[in-house]
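What's in query-v6.cif: mmCIF, C-alpha atoms
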```cif
data_protein
loop_
_atom_site.label_atom_id
_atom_site.label_comp_id
_atom_site.auth_asym_id
_atom_site.auth_seq_id
_atom_site.Cartn_x
_atom_site.Cartn_y
_atom_site.Cartn_z
CA MET A 1 -108.87 110.84 125.25
CA ARG A 2 -106.87 114.05 124.86
CA PHE A 3 -106.05 114.08 128.57
CA ALA A 4 -104.91 110.44 128.42
CA VAL A 5 -102.48 111.34 125.63
CA CYS A 6 -101.26 114.36 127.63
CA LEU A 7 -100.76 112.07 130.64
CA LEU A 8 -98.69 109.66 128.54
CA VAL A 9 -96.53 112.45 127.12
CA ALA A 10 -96.09 114.00 130.59
CA ALA A 11 -95.12 110.64 132.12
CA THR A 12 -92.54 110.02 129.40
CA VAL A 13 -91.01 113.48 129.76
CA TRP A 14 -90.96 113.49 133.57
CA ILE A 15 -89.86 109.89 134.24
CA THR A 16 -87.00 110.02 131.76
CA SER A 17 -85.67 113.28 133.22
CA LEU A 18 -86.34 112.55 136.92
CA HIS A 19 -82.87 111.12 137.57
CA ARG A 20 -81.32 114.53 136.84
CA TRP A 21 -82.85 115.88 140.06
CA PHE A 22 -81.06 113.19 142.07
CA GLU A 23 -77.67 112.98 140.42
CA ARG A 24 -74.92 114.19 142.76
CA ASP A 25 -71.17 114.47 142.66
CA PRO A 26 -69.93 111.40 144.61
CA ALA A 27 -67.36 113.60 146.40
CA GLU A 28 -70.13 115.89 147.62
CA VAL A 29 -72.15 112.94 148.93
CA ALA A 30 -69.05 111.46 150.60
CA SER A 31 -68.22 114.76 152.26
CA ALA A 32 -71.57 114.97 154.09
CA LEU A 33 -71.41 111.30 155.15
CA ALA A 34 -67.77 111.62 156.28
CA ALA A 35 -68.45 114.65 158.46
CA ARG A 36 -71.26 112.85 160.28
CA GLN A 37 -69.46 109.51 160.62
CA LEU A 38 -66.31 111.14 161.95
CA ALA A 39 -68.30 113.19 164.46
CA LEU A 40 -70.20 110.09 165.64
CA TRP A 41 -67.07 107.99 166.20
CA GLU A 42 -64.99 110.83 167.67
CA ARG A 43 -67.61 111.79 170.24
CA ARG A 44 -68.74 108.22 170.90
CA ASP A 45 -72.13 109.73 170.28
CA PRO A 46 -75.10 108.09 172.05
CA ALA A 47 -76.82 107.99 168.63
CA LEU A 48 -74.00 105.75 167.42
CA ALA A 49 -74.31 103.44 170.42
CA ASP A 50 -78.09 103.19 169.82
CA SER A 51 -77.62 102.51 166.16
CA LEU A 52 -74.96 99.82 166.74
CA ALA A 53 -77.11 98.22 169.43
CA HIS A 54 -80.00 98.12 166.99
CA LEU A 55 -77.78 96.56 164.33
CA ARG A 56 -76.69 93.93 166.85
CA ARG A 57 -80.30 92.99 167.60
CA THR A 58 -80.87 92.29 163.90
CA ASN A 59 -77.48 90.70 163.21
CA PRO A 60 -74.36 90.98 165.43
CA GLU A 61 -72.18 90.62 162.30
CA TRP A 62 -73.37 94.05 161.17
CA ASP A 63 -71.79 95.67 164.22
CA LEU A 64 -68.35 94.42 163.20
CA MET A 65 -68.97 95.18 159.53
CA ALA A 66 -70.06 98.75 160.33
CA ARG A 67 -66.78 99.20 162.22
CA MET A 68 -64.70 97.69 159.39
CA PHE A 69 -66.29 99.80 156.66
CA ALA A 70 -65.92 102.93 158.81
CA VAL A 71 -62.22 102.15 159.31
CA LEU A 72 -61.67 101.50 155.59
CA ALA A 73 -63.47 104.74 154.75
CA PHE A 74 -61.46 106.73 157.31
CA ALA A 75 -58.18 105.21 156.07
CA ASN A 76 -58.98 106.31 152.52
CA LEU A 77 -60.07 109.75 153.72
CA ALA A 78 -56.89 110.07 155.80
CA LEU A 79 -54.88 109.50 152.62
CA ARG A 80 -57.04 111.92 150.64
CA ASP A 81 -56.91 114.75 153.19
CA PRO A 82 -53.64 115.02 155.15
CA ALA A 83 -55.03 117.95 157.18
CA LEU A 84 -57.69 115.72 158.71
CA ARG A 85 -55.44 112.64 158.95
CA PRO A 86 -54.79 112.86 162.72
CA ARG A 87 -58.55 112.93 163.42
CA TYR A 88 -59.29 110.03 161.10
CA LEU A 89 -56.43 107.97 162.53
CA ALA A 90 -57.55 108.66 166.09
CA ALA A 91 -61.06 107.48 165.19
CA ILE A 92 -59.63 104.35 163.53
CA ASP A 93 -57.51 103.57 166.58
CA ASP A 94 -60.50 103.93 168.86
CA ILE A 95 -62.63 101.60 166.72
CA VAL A 96 -59.88 98.99 166.40
CA ASP A 97 -59.00 99.04 170.11
CA ARG A 98 -62.67 98.71 171.07
CA THR A 99 -63.16 95.82 168.66
CA ILE A 100 -60.12 93.89 169.84
CA ALA A 101 -61.20 94.49 173.45
CA ASP A 102 -64.73 93.22 172.64
CA VAL A 103 -63.34 90.00 171.15
CA ALA A 104 -60.94 89.55 174.07
CA GLN A 105 -63.77 90.03 176.56
CA HIS A 106 -66.66 88.20 174.86
CA GLY A 107 -64.99 85.88 172.32
CA VAL A 108 -65.63 85.66 168.58
CA HIS A 109 -69.29 84.72 169.12
CA TYR A 110 -69.92 88.34 170.14
CA PHE A 111 -69.95 89.27 166.44
CA LEU A 112 -71.65 86.11 165.17
CA LEU A 113 -75.25 84.96 164.88
CA PRO A 114 -76.33 82.58 167.67
CA TYR A 115 -76.09 79.48 165.48
CA SER A 116 -72.28 79.81 165.67
CA ARG A 117 -72.53 78.04 169.04
CA ARG A 118 -74.42 75.01 167.72
CA GLN A 119 -71.25 73.08 166.98
CA PRO A 120 -67.51 73.75 167.40
CA PHE A 121 -65.42 75.26 164.63
CA ILE A 122 -63.51 72.55 162.74
CA ASP A 123 -60.43 74.79 162.67
CA GLY A 124 -61.05 76.67 165.89
CA ARG A 125 -61.88 80.27 164.90
CA SER A 126 -63.92 82.52 162.61
CA VAL A 127 -62.18 84.16 159.64
CA PHE A 128 -65.09 86.62 159.58
CA VAL A 129 -63.95 88.09 162.89
CA ASP A 130 -60.20 87.58 162.47
CA GLY A 131 -60.20 88.74 158.84
CA GLU A 132 -62.10 91.96 159.47
CA ILE A 133 -59.90 92.86 162.46
CA ALA A 134 -56.79 92.01 160.41
CA LEU A 135 -58.00 94.26 157.58
CA MET A 136 -58.71 97.15 159.96
CA LEU A 137 -55.22 96.87 161.47
CA ALA A 138 -53.52 96.49 158.09
CA ALA A 139 -55.41 99.46 156.60
CA ARG A 140 -54.39 101.62 159.56
CA ASN A 141 -50.76 100.60 159.21
CA LEU A 142 -50.75 101.25 155.50
CA VAL A 143 -51.65 104.88 156.22
CA GLU A 144 -49.21 105.19 159.14
CA PRO A 145 -47.70 102.33 161.15
CA ARG A 146 -49.02 101.92 164.68
CA ARG A 147 -49.88 98.54 166.16
CA ASP A 148 -48.23 95.35 164.85
CA PRO A 149 -51.00 93.27 163.22
CA ARG A 150 -48.75 90.24 162.62
CA GLY A 151 -50.60 88.00 165.08
CA TRP A 152 -53.93 88.58 163.29
CA ILE A 153 -52.35 88.27 159.85
CA ASP A 154 -50.60 84.99 160.75
CA ARG A 155 -53.87 83.69 162.17
CA VAL A 156 -55.84 84.26 158.93
CA VAL A 157 -52.99 83.01 156.73
CA GLY A 158 -52.78 79.84 158.86
CA ALA A 159 -56.56 79.32 158.74
CA ILE A 160 -56.65 79.70 154.94
CA GLU A 161 -53.62 77.42 154.47
CA ARG A 162 -55.19 74.71 156.63
CA GLY A 163 -58.50 74.79 154.72
CA PRO A 164 -58.97 71.74 152.45
CA VAL A 165 -59.70 74.11 149.51
CA LEU A 166 -57.78 77.09 150.94
CA LEU A 167 -60.93 78.53 152.49
CA ALA A 168 -61.24 79.32 156.20
CA GLU A 169 -64.44 78.97 158.25
CA SER A 170 -66.64 81.95 159.03
CA TYR A 171 -69.06 79.77 161.01
CA PRO A 172 -68.57 76.13 162.01
CA ASP A 173 -68.25 74.13 158.78
CA GLU A 174 -69.43 77.18 156.86
CA VAL A 175 -67.21 79.21 154.57
CA TRP A 176 -68.14 82.62 153.19
CA LEU A 177 -66.16 83.92 150.23
CA PHE A 178 -66.88 87.44 151.52
CA CYS A 179 -64.82 86.81 154.67
CA ASN A 180 -62.01 84.97 152.89
CA SER A 181 -61.56 87.78 150.36
CA VAL A 182 -61.45 90.31 153.20
CA ALA A 183 -58.76 88.21 154.92
CA LEU A 184 -56.69 87.99 151.72
CA ALA A 185 -56.92 91.75 151.22
CA ALA A 186 -55.72 92.19 154.82
CA VAL A 187 -52.67 90.03 154.08
CA ARG A 188 -51.85 92.04 150.98
CA LEU A 189 -52.25 95.39 152.75
CA HIS A 190 -50.05 94.20 155.59
CA ASP A 191 -47.36 92.99 153.19
CA ALA A 192 -47.52 96.28 151.29
CA SER A 193 -47.18 98.23 154.54
CA GLU A 194 -43.96 96.31 155.24
CA GLY A 195 -42.59 96.99 151.75
CA ALA A 196 -42.97 93.36 150.66
CA PRO A 197 -46.25 93.34 148.70
CA ASP A 198 -45.53 89.99 147.02
CA ARG A 199 -44.62 88.10 150.19
CA HIS A 200 -47.73 85.90 149.90
CA ALA A 201 -47.87 85.80 146.08
CA ALA A 202 -47.59 81.99 146.08
CA LEU A 203 -50.53 81.63 148.49
CA PHE A 204 -52.59 84.06 146.40
CA ALA A 205 -51.84 82.11 143.21
CA ARG A 206 -52.89 78.82 144.83
CA TRP A 207 -56.00 80.44 146.31
CA ILE A 208 -57.04 81.89 142.94
CA ALA A 209 -56.54 78.54 141.20
CA SER A 210 -58.61 76.82 143.89
CA ALA A 211 -61.34 79.49 143.80
CA ARG A 212 -61.69 79.13 140.04
CA THR A 213 -62.74 75.49 140.54
CA LEU A 214 -65.72 76.68 142.63
CA VAL A 215 -67.33 79.01 140.08
CA ASP A 216 -70.89 78.40 138.99
CA PRO A 217 -70.73 76.79 135.51
CA THR A 218 -73.71 78.83 134.23
CA THR A 219 -72.64 82.32 135.28
CA GLY A 220 -68.92 81.91 135.95
CA LEU A 221 -69.50 83.62 139.30
CA LEU A 222 -68.01 82.58 142.62
CA PRO A 223 -70.44 81.10 145.13
CA ALA A 224 -71.33 82.93 148.32
CA LYS A 225 -71.03 80.01 150.74
CA THR A 226 -69.43 76.58 150.82
CA SER A 227 -68.79 73.91 153.41
CA TYR A 228 -65.30 73.68 154.92
CA ARG A 229 -64.52 70.98 152.35
CA GLY A 230 -65.64 73.21 149.47
CA GLU A 231 -69.14 71.90 148.63
CA VAL A 232 -71.19 74.85 147.39
CA LEU A 233 -73.99 75.64 149.87
CA GLU A 234 -75.21 78.93 148.40
CA GLY A 235 -74.61 80.07 144.83
CA PRO A 236 -73.63 83.54 143.61
CA GLU A 237 -75.09 86.42 145.65
CA GLY A 238 -74.71 90.11 144.94
CA SER A 239 -74.13 91.09 148.56
CA THR A 240 -71.05 88.83 148.50
CA LEU A 241 -69.83 89.18 144.92
CA TRP A 242 -69.46 92.95 144.67
CA LEU A 243 -67.28 93.06 147.77
CA VAL A 244 -65.30 89.95 146.82
CA ALA A 245 -64.47 91.53 143.45
CA ALA A 246 -63.41 94.80 145.13
CA MET A 247 -61.25 92.99 147.72
CA LEU A 248 -59.62 90.74 145.12
CA ARG A 249 -58.36 93.78 143.20
CA VAL A 250 -55.30 93.77 145.46
CA VAL A 251 -54.93 89.99 145.27
CA ASP A 252 -55.51 89.12 141.60
CA ASP A 253 -56.73 91.89 139.34
CA GLU A 254 -57.63 89.51 136.50
CA LEU A 255 -60.04 87.39 138.56
CA ALA A 256 -61.38 90.53 140.26
CA ARG A 257 -62.21 92.21 136.92
CA ASP A 258 -63.70 88.99 135.57
CA GLN A 259 -65.99 88.62 138.60
CA TYR A 260 -67.04 92.28 138.49
CA ALA A 261 -67.86 92.11 134.78
CA ARG A 262 -69.88 88.92 135.24
CA ALA A 263 -71.68 90.26 138.31
CA ARG A 264 -72.53 93.45 136.41
CA ALA A 265 -73.91 91.46 133.49
CA GLU A 266 -75.99 89.21 135.75
CA LEU A 267 -77.11 91.52 138.55
CA ARG A 268 -77.21 95.13 137.37
CA GLY A 269 -80.63 96.66 136.90
CA GLY A 270 -81.56 100.11 135.75
CA PHE A 271 -84.30 102.33 134.37
CA ALA A 272 -84.40 105.94 133.24
CA GLY A 273 -81.03 106.89 134.74
CA PHE A 274 -81.52 105.05 138.05
CA GLY A 275 -79.50 101.96 138.91
CA TRP A 276 -79.77 99.08 141.33
CA ALA A 277 -78.50 95.54 141.81
CA ARG A 278 -80.28 92.23 142.23
CA GLU A 279 -79.13 89.77 144.87
CA TRP A 280 -79.35 86.64 142.74
CA PRO A 281 -78.72 85.87 139.07
CA ALA A 282 -81.66 84.45 137.11
CA SER A 283 -80.10 80.98 137.22
CA TRP A 284 -79.82 80.96 141.06
CA PRO A 285 -83.09 82.36 142.41
CA GLY A 286 -83.09 82.88 146.17
CA THR A 287 -85.22 84.37 148.91
CA ASP A 288 -84.55 87.38 151.14
CA ASP A 289 -82.68 86.64 154.35
CA VAL A 290 -80.87 88.56 157.09
CA ASP A 291 -77.82 89.07 154.85
CA SER A 292 -79.60 90.23 151.72
CA GLY A 293 -82.06 92.68 153.27
CA PRO A 294 -85.33 93.55 151.55
CA THR A 295 -85.91 93.29 147.81
CA VAL A 296 -88.25 95.49 145.76
CA PRO A 297 -90.65 93.10 144.00
CA ILE A 298 -90.84 92.89 140.20
CA ILE A 299 -87.62 94.83 139.46
CA GLY A 300 -85.62 92.80 142.02
CA ALA A 301 -83.73 95.81 143.43
CA ASN A 302 -82.05 94.58 146.61
CA ALA A 303 -80.84 96.94 149.33
CA GLY A 304 -77.75 94.96 150.41
CA SER A 305 -76.64 94.11 146.90
CA SER A 306 -77.20 97.67 145.64
CA GLY A 307 -75.17 99.18 148.49
CA LEU A 308 -72.26 96.83 147.90
CA ALA A 309 -72.60 97.29 144.12
CA LEU A 310 -71.49 100.86 144.77
CA VAL A 311 -68.31 99.48 146.38
CA GLY A 312 -67.69 97.34 143.29
CA ALA A 313 -68.55 100.07 140.80
CA ARG A 314 -66.18 102.53 142.48
CA ALA A 315 -63.39 99.93 142.75
CA PHE A 316 -63.53 99.29 139.01
CA GLY A 317 -64.08 102.89 137.88
CA ASP A 318 -67.55 102.10 136.51
CA ASP A 319 -68.68 105.74 136.46
CA VAL A 320 -71.97 105.09 134.66
CA PHE A 321 -73.14 102.56 137.27
CA VAL A 322 -71.86 104.82 140.10
CA ARG A 323 -73.90 107.74 138.75
CA GLU A 324 -77.02 105.57 138.48
CA LEU A 325 -76.59 104.12 141.98
CA VAL A 326 -75.98 107.54 143.54
CA ALA A 327 -79.13 108.84 141.79
CA SER A 328 -81.10 105.92 143.25
CA LEU A 329 -79.71 106.69 146.70
CA GLY A 330 -80.91 110.28 146.42
CA PHE A 331 -84.32 109.13 145.24
CA ALA A 332 -85.04 106.16 147.52
CA GLY A 333 -82.41 106.37 150.27
CA PHE A 334 -83.91 109.50 151.88
CA PRO A 335 -80.71 111.45 152.61
CA ILE A 336 -80.98 113.56 155.75
CA ASP A 337 -78.21 115.33 157.72
CA GLY A 338 -75.31 113.24 156.37
CA ARG A 339 -77.02 109.86 156.55
CA TYR A 340 -79.59 107.79 154.70
CA ALA A 341 -82.79 107.55 156.69
CA ALA A 342 -83.93 104.46 154.78
CA GLY A 343 -80.77 102.60 155.85
CA ASN A 344 -78.76 102.21 159.03
CA GLN A 345 -75.27 102.72 160.43
CA LEU A 346 -73.87 99.85 158.35
CA ALA A 347 -75.41 101.19 155.13
CA ASP A 348 -73.94 104.65 155.78
CA ALA A 349 -70.50 103.16 156.46
CA VAL A 350 -70.63 101.02 153.29
CA ILE A 351 -71.69 103.98 151.13
CA LEU A 352 -69.03 106.22 152.65
CA TYR A 353 -66.37 103.56 152.07
CA ALA A 354 -67.51 103.10 148.47
CA LEU A 355 -67.36 106.81 147.72
CA ALA A 356 -64.07 107.41 149.56
CA SER A 357 -62.27 104.29 148.29
CA GLY A 358 -59.28 104.41 146.00
CA PRO A 359 -56.09 105.67 147.70
CA LEU A 360 -55.72 102.71 150.07
CA TRP A 361 -55.93 100.10 147.33
CA GLU A 362 -53.60 102.17 145.13
CA ARG A 363 -51.05 102.10 147.91
CA ALA A 364 -51.42 98.34 148.30
CA ARG A 365 -51.10 97.46 144.62
CA MET B 1 -116.13 120.78 139.03
CA THR B 2 -114.21 119.58 135.96
CA ILE B 3 -112.02 116.49 136.11
CA ARG B 4 -108.96 118.71 135.67
CA ARG B 5 -109.92 120.83 138.65
CA LEU B 6 -110.69 117.73 140.75
CA LEU B 7 -107.28 116.28 139.90
CA LEU B 8 -105.57 119.51 140.87
CA VAL B 9 -107.38 119.61 144.22
CA ILE B 10 -106.49 115.96 145.02
CA HIS B 11 -102.86 116.43 144.06
CA ALA B 12 -102.58 119.72 145.89
CA ALA B 13 -103.84 117.87 148.98
CA ILE B 14 -101.11 115.22 148.50
CA VAL B 15 -98.46 117.96 148.28
CA VAL B 16 -99.80 119.70 151.39
CA GLY B 17 -99.84 116.37 153.27
CA PHE B 18 -96.25 115.73 152.23
CA VAL B 19 -95.10 119.19 153.32
CA VAL B 20 -96.77 118.75 156.71
CA LEU B 21 -95.12 115.33 157.22
CA HIS B 22 -91.77 116.71 156.09
CA LEU B 23 -91.90 119.69 158.41
CA ALA B 24 -92.93 117.37 161.24
CA GLY B 25 -89.70 115.38 160.73
CA ALA B 26 -91.34 112.21 159.39
CA ARG B 27 -88.43 111.63 156.99
CA ALA B 28 -86.40 110.25 159.90
CA TYR B 29 -88.84 107.33 160.26
CA VAL B 30 -88.42 105.70 156.84
CA GLY B 31 -85.91 103.19 158.27
CA PHE B 32 -88.70 100.61 158.08
CA LEU B 33 -87.78 100.32 154.38
CA SER B 34 -84.59 98.47 155.33
CA GLY B 35 -86.26 96.65 158.20
CA THR B 36 -83.98 98.34 160.73
CA LEU B 37 -86.14 101.11 162.19
CA SER B 38 -86.17 101.11 165.97
CA GLY B 39 -89.57 102.10 167.26
CA GLY B 40 -93.14 100.95 167.35
CA ALA B 41 -96.13 100.78 165.06
CA ALA B 42 -96.73 104.56 165.21
CA GLU B 43 -93.22 105.31 163.89
CA ARG B 44 -93.66 102.71 161.15
CA PHE B 45 -97.00 104.23 160.13
CA VAL B 46 -95.51 107.74 159.99
CA GLY B 47 -92.54 106.43 157.99
CA LEU B 48 -94.83 104.59 155.57
CA ALA B 49 -97.04 107.67 155.12
CA TYR B 50 -93.97 109.80 154.44
CA ALA B 51 -92.49 107.35 151.93
CA LEU B 52 -95.78 107.05 150.04
CA ALA B 53 -96.24 110.84 150.03
CA TRP B 54 -92.65 111.32 148.85
CA PHE B 55 -92.96 108.94 145.92
CA ALA B 56 -96.35 110.44 145.02
CA VAL B 57 -95.01 114.01 145.14
CA VAL B 58 -91.80 113.22 143.28
CA VAL B 59 -93.09 110.79 140.66
CA TRP B 60 -96.85 111.15 140.16
CA VAL B 61 -97.84 114.71 141.03
CA PRO B 62 -95.47 116.33 138.47
CA VAL B 63 -96.77 113.98 135.77
CA VAL B 64 -100.36 115.06 136.45
CA ALA B 65 -99.33 118.72 136.66
CA ILE B 66 -97.51 118.56 133.32
CA ALA B 67 -100.45 116.67 131.78
CA VAL B 68 -102.91 119.34 132.95
CA ILE B 69 -100.70 122.10 131.54
CA LEU B 70 -100.44 120.25 128.21
CA ASP B 71 -104.19 119.64 128.17
CA VAL B 72 -104.95 123.31 128.84
CA ALA B 73 -102.44 124.34 126.17
CA CYS B 74 -103.96 121.93 123.65
CA GLY B 75 -107.48 123.14 124.50
CA THR B 76 -106.44 126.79 124.03
CA LEU B 77 -104.79 125.95 120.70
CA VAL B 78 -107.88 124.11 119.43
CA LYS B 79 -110.15 126.99 120.50
CA HIS B 80 -107.85 129.51 118.81
CA ARG B 81 -107.87 127.55 115.54
CA ARG B 82 -111.67 127.21 115.61
CA TRP B 83 -111.98 130.95 116.23
CA ARG B 84 -109.65 131.72 113.32
CA ARG B 85 -111.60 129.37 110.99
CA SER B 86 -114.95 130.83 112.01
CA ALA B 87 -113.76 134.44 111.88
CA PRO B 88 -114.98 136.40 108.80
CA PRO B 89 -112.23 137.07 106.22
#
```
Now, as a test, write the supplied structure out as structure tokens.
Amino acid sequence: MRFAVCLLVAATVWITSLHRWFERDPAEVASALAARQLALWERRDPALADSLAHLRRTNPEWDLMARMFAVLAFANLALRDPALRPRYLAAIDDIVDRTIADVAQHGVHYFLLPYSRRQPFIDGRSVFVDGEIALMLAARNLVEPRRDPRGWIDRVVGAIERGPVLLAESYPDEVWLFCNSVALAAVRLHDASEGAPDRHAALFARWIASARTLVDPTTGLLPAKTSYRGEVLEGPEGSTLWLVAAMLRVVDDELARDQYARARAELRGGFAGFGWAREWPASWPGTDDVDSGPTVPIIGANAGSSGLALVGARAFGDDVFVRELVASLGFAGFPIDGRYAAGNQLADAVILYALASGPLWERAR
Amino acid sequence: MTIRRLLLVIHAAIVVGFVVLHLAGARAYVGFLSGTLSGGAAERFVGLAYALAWFAVVVWVPVVAIAVILDVACGTLVKHRRWRRSAPP
């Protein structure tokens, strides 16, 4: 009996203080990740090629996303550290040139899941591919002008304008809010880089008004996926919402803050100083798929949603949630030599972007 | 062997197992947690063993260690009080 009581006391003391062993300064975590990511991309390291090839076998989208998050991270780091700016910009240019060459050589399907070929696009192209390339180019130019991204920007603006509810297709007759918010952020960054940040203010206002009509009446959250005509196909999902909120900060801060606050209320989980995010709100239960990644049973901690929650938490200065998520990364992410062994190249790029983010969006706002 | 001693032996074995796996570089194989580990069943097994050992060493072993220390401390305190009560004035 006495030992059982001692066990209970010990568990309470240890579990409630465990997070302190894993709390880290976000800048310190970012520094280790940045050094490794920069070295990988600069050297075109075989480990990087292996890791991207492995991502492609699981989901070709992740290859493009890993490149985009690396570029966004490097752009922020280039603004934070002028001494390293030439190296970061050279890495960005290499990634962007490779990506544009890949699309030119293989077409947009190179970065899409095989079902993209089942039927033709209604509007002709994928805003997932065009939007992410546009954002990479615009981010680069916002740090220092290089290659004119106007063709890519005009393409995504045209695709959004032609959409029946101002949403462009990611897959044939399939719209992802994730991709559309990335495309809108690209437009804003491009306009800011040309000294005309409000050039597309009218489009943004119409887009926001249209998007508000799509929100889930129970949670007030934007859906993850709709048809081209705007019928909701998948409800709110953490792996979409956190990024959408972060991207919309440069488009409409009010809607962005509203979505972040609602997502936090619906999806944030935590215990004893550790934090995580669920993929689905209680009112929209879903099942794990290739986008969400695995979920820890019972507590509902989801890998994809938790990683992108860090992007959202950093974008909105939510230091408490950032501290909890970073503690969870140290505990269950298995950091090793500037990467997280439990994750992959995309996860490392997302985490680095989250921790480095700030200066680029400040410049665009 | 008392229960306390048995617990200490079992948990010391867990710690030793973890140290061996760690020094052998098994931490690099926990990518199975995200479903993106390249490699075969052997790598997955090593990764699983490492992850289980890690969570045991970080979460459970310290709890048992603290509980044993508290139990020993309580036992010593009780013995001391009994000795003081039974001691002649």
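Coordinates place atom CA of Ile122 of chain A at a distance of 10.6 Å from atom CA of Ser170 of chain A.
Pairwise distance (atom CA of Ala139 of chain A, atom CA of Gly343 of chain A) equals 25.6 Å.
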Open item on the list: Just checking: using only C-alpha atoms, which residue out of B:Trp60, B:Tyr50, B:Phe45, B:Phe32 ends up closest to Ile10 of chain B?
Closed with: B:Trp60
Open item on the list: Suppose a student applies the PyMOL selection byres ((chain A) within 9 of (chain B)) to this structure; what residues should they get, written as a ChimeraX atom specification?
Closed with: /A:2-15,18,51,54-55,58,293-294,303,331-336,340-344
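One distance worth recording is that between atom CA of Glu174 of chain A and atom CA of Arg118 of chain A, which is 12.1 Å.
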- [ ] Starting from the displayed file, determine the output of the PyMOL selection byres ((chain A and resi 184) around 10) and express the residue list as a PyMOL selection string.
- [x] chain A and resi 131+134-135+153+156-157+160+179-183+185-190+200+203-204+207+247-248+250-251
- [ ] Mind listing whatever residues come within 6 Å of the point (-61.9, 97.2, 139.1)? Use all atoms listed in the file, file coordinates, and give them as a VMD selection string.
- [x] chain A and resid 257 315 to 316
Would you put the residues from that selection into a file with C-alpha atoms, as a PDB file, in the coordinates of the input?
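Result file out.pdb:
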```
ATOM      1  CA  ARG A 257     -62.210  92.210 136.920  1.00  0.00           C
ATOM      2  CA  ALA A 315     -63.390  99.930 142.750  1.00  0.00           C
ATOM      3  CA  PHE A 316     -63.530  99.290 139.010  1.00  0.00           C
TER       4      PHE A 316
END
```
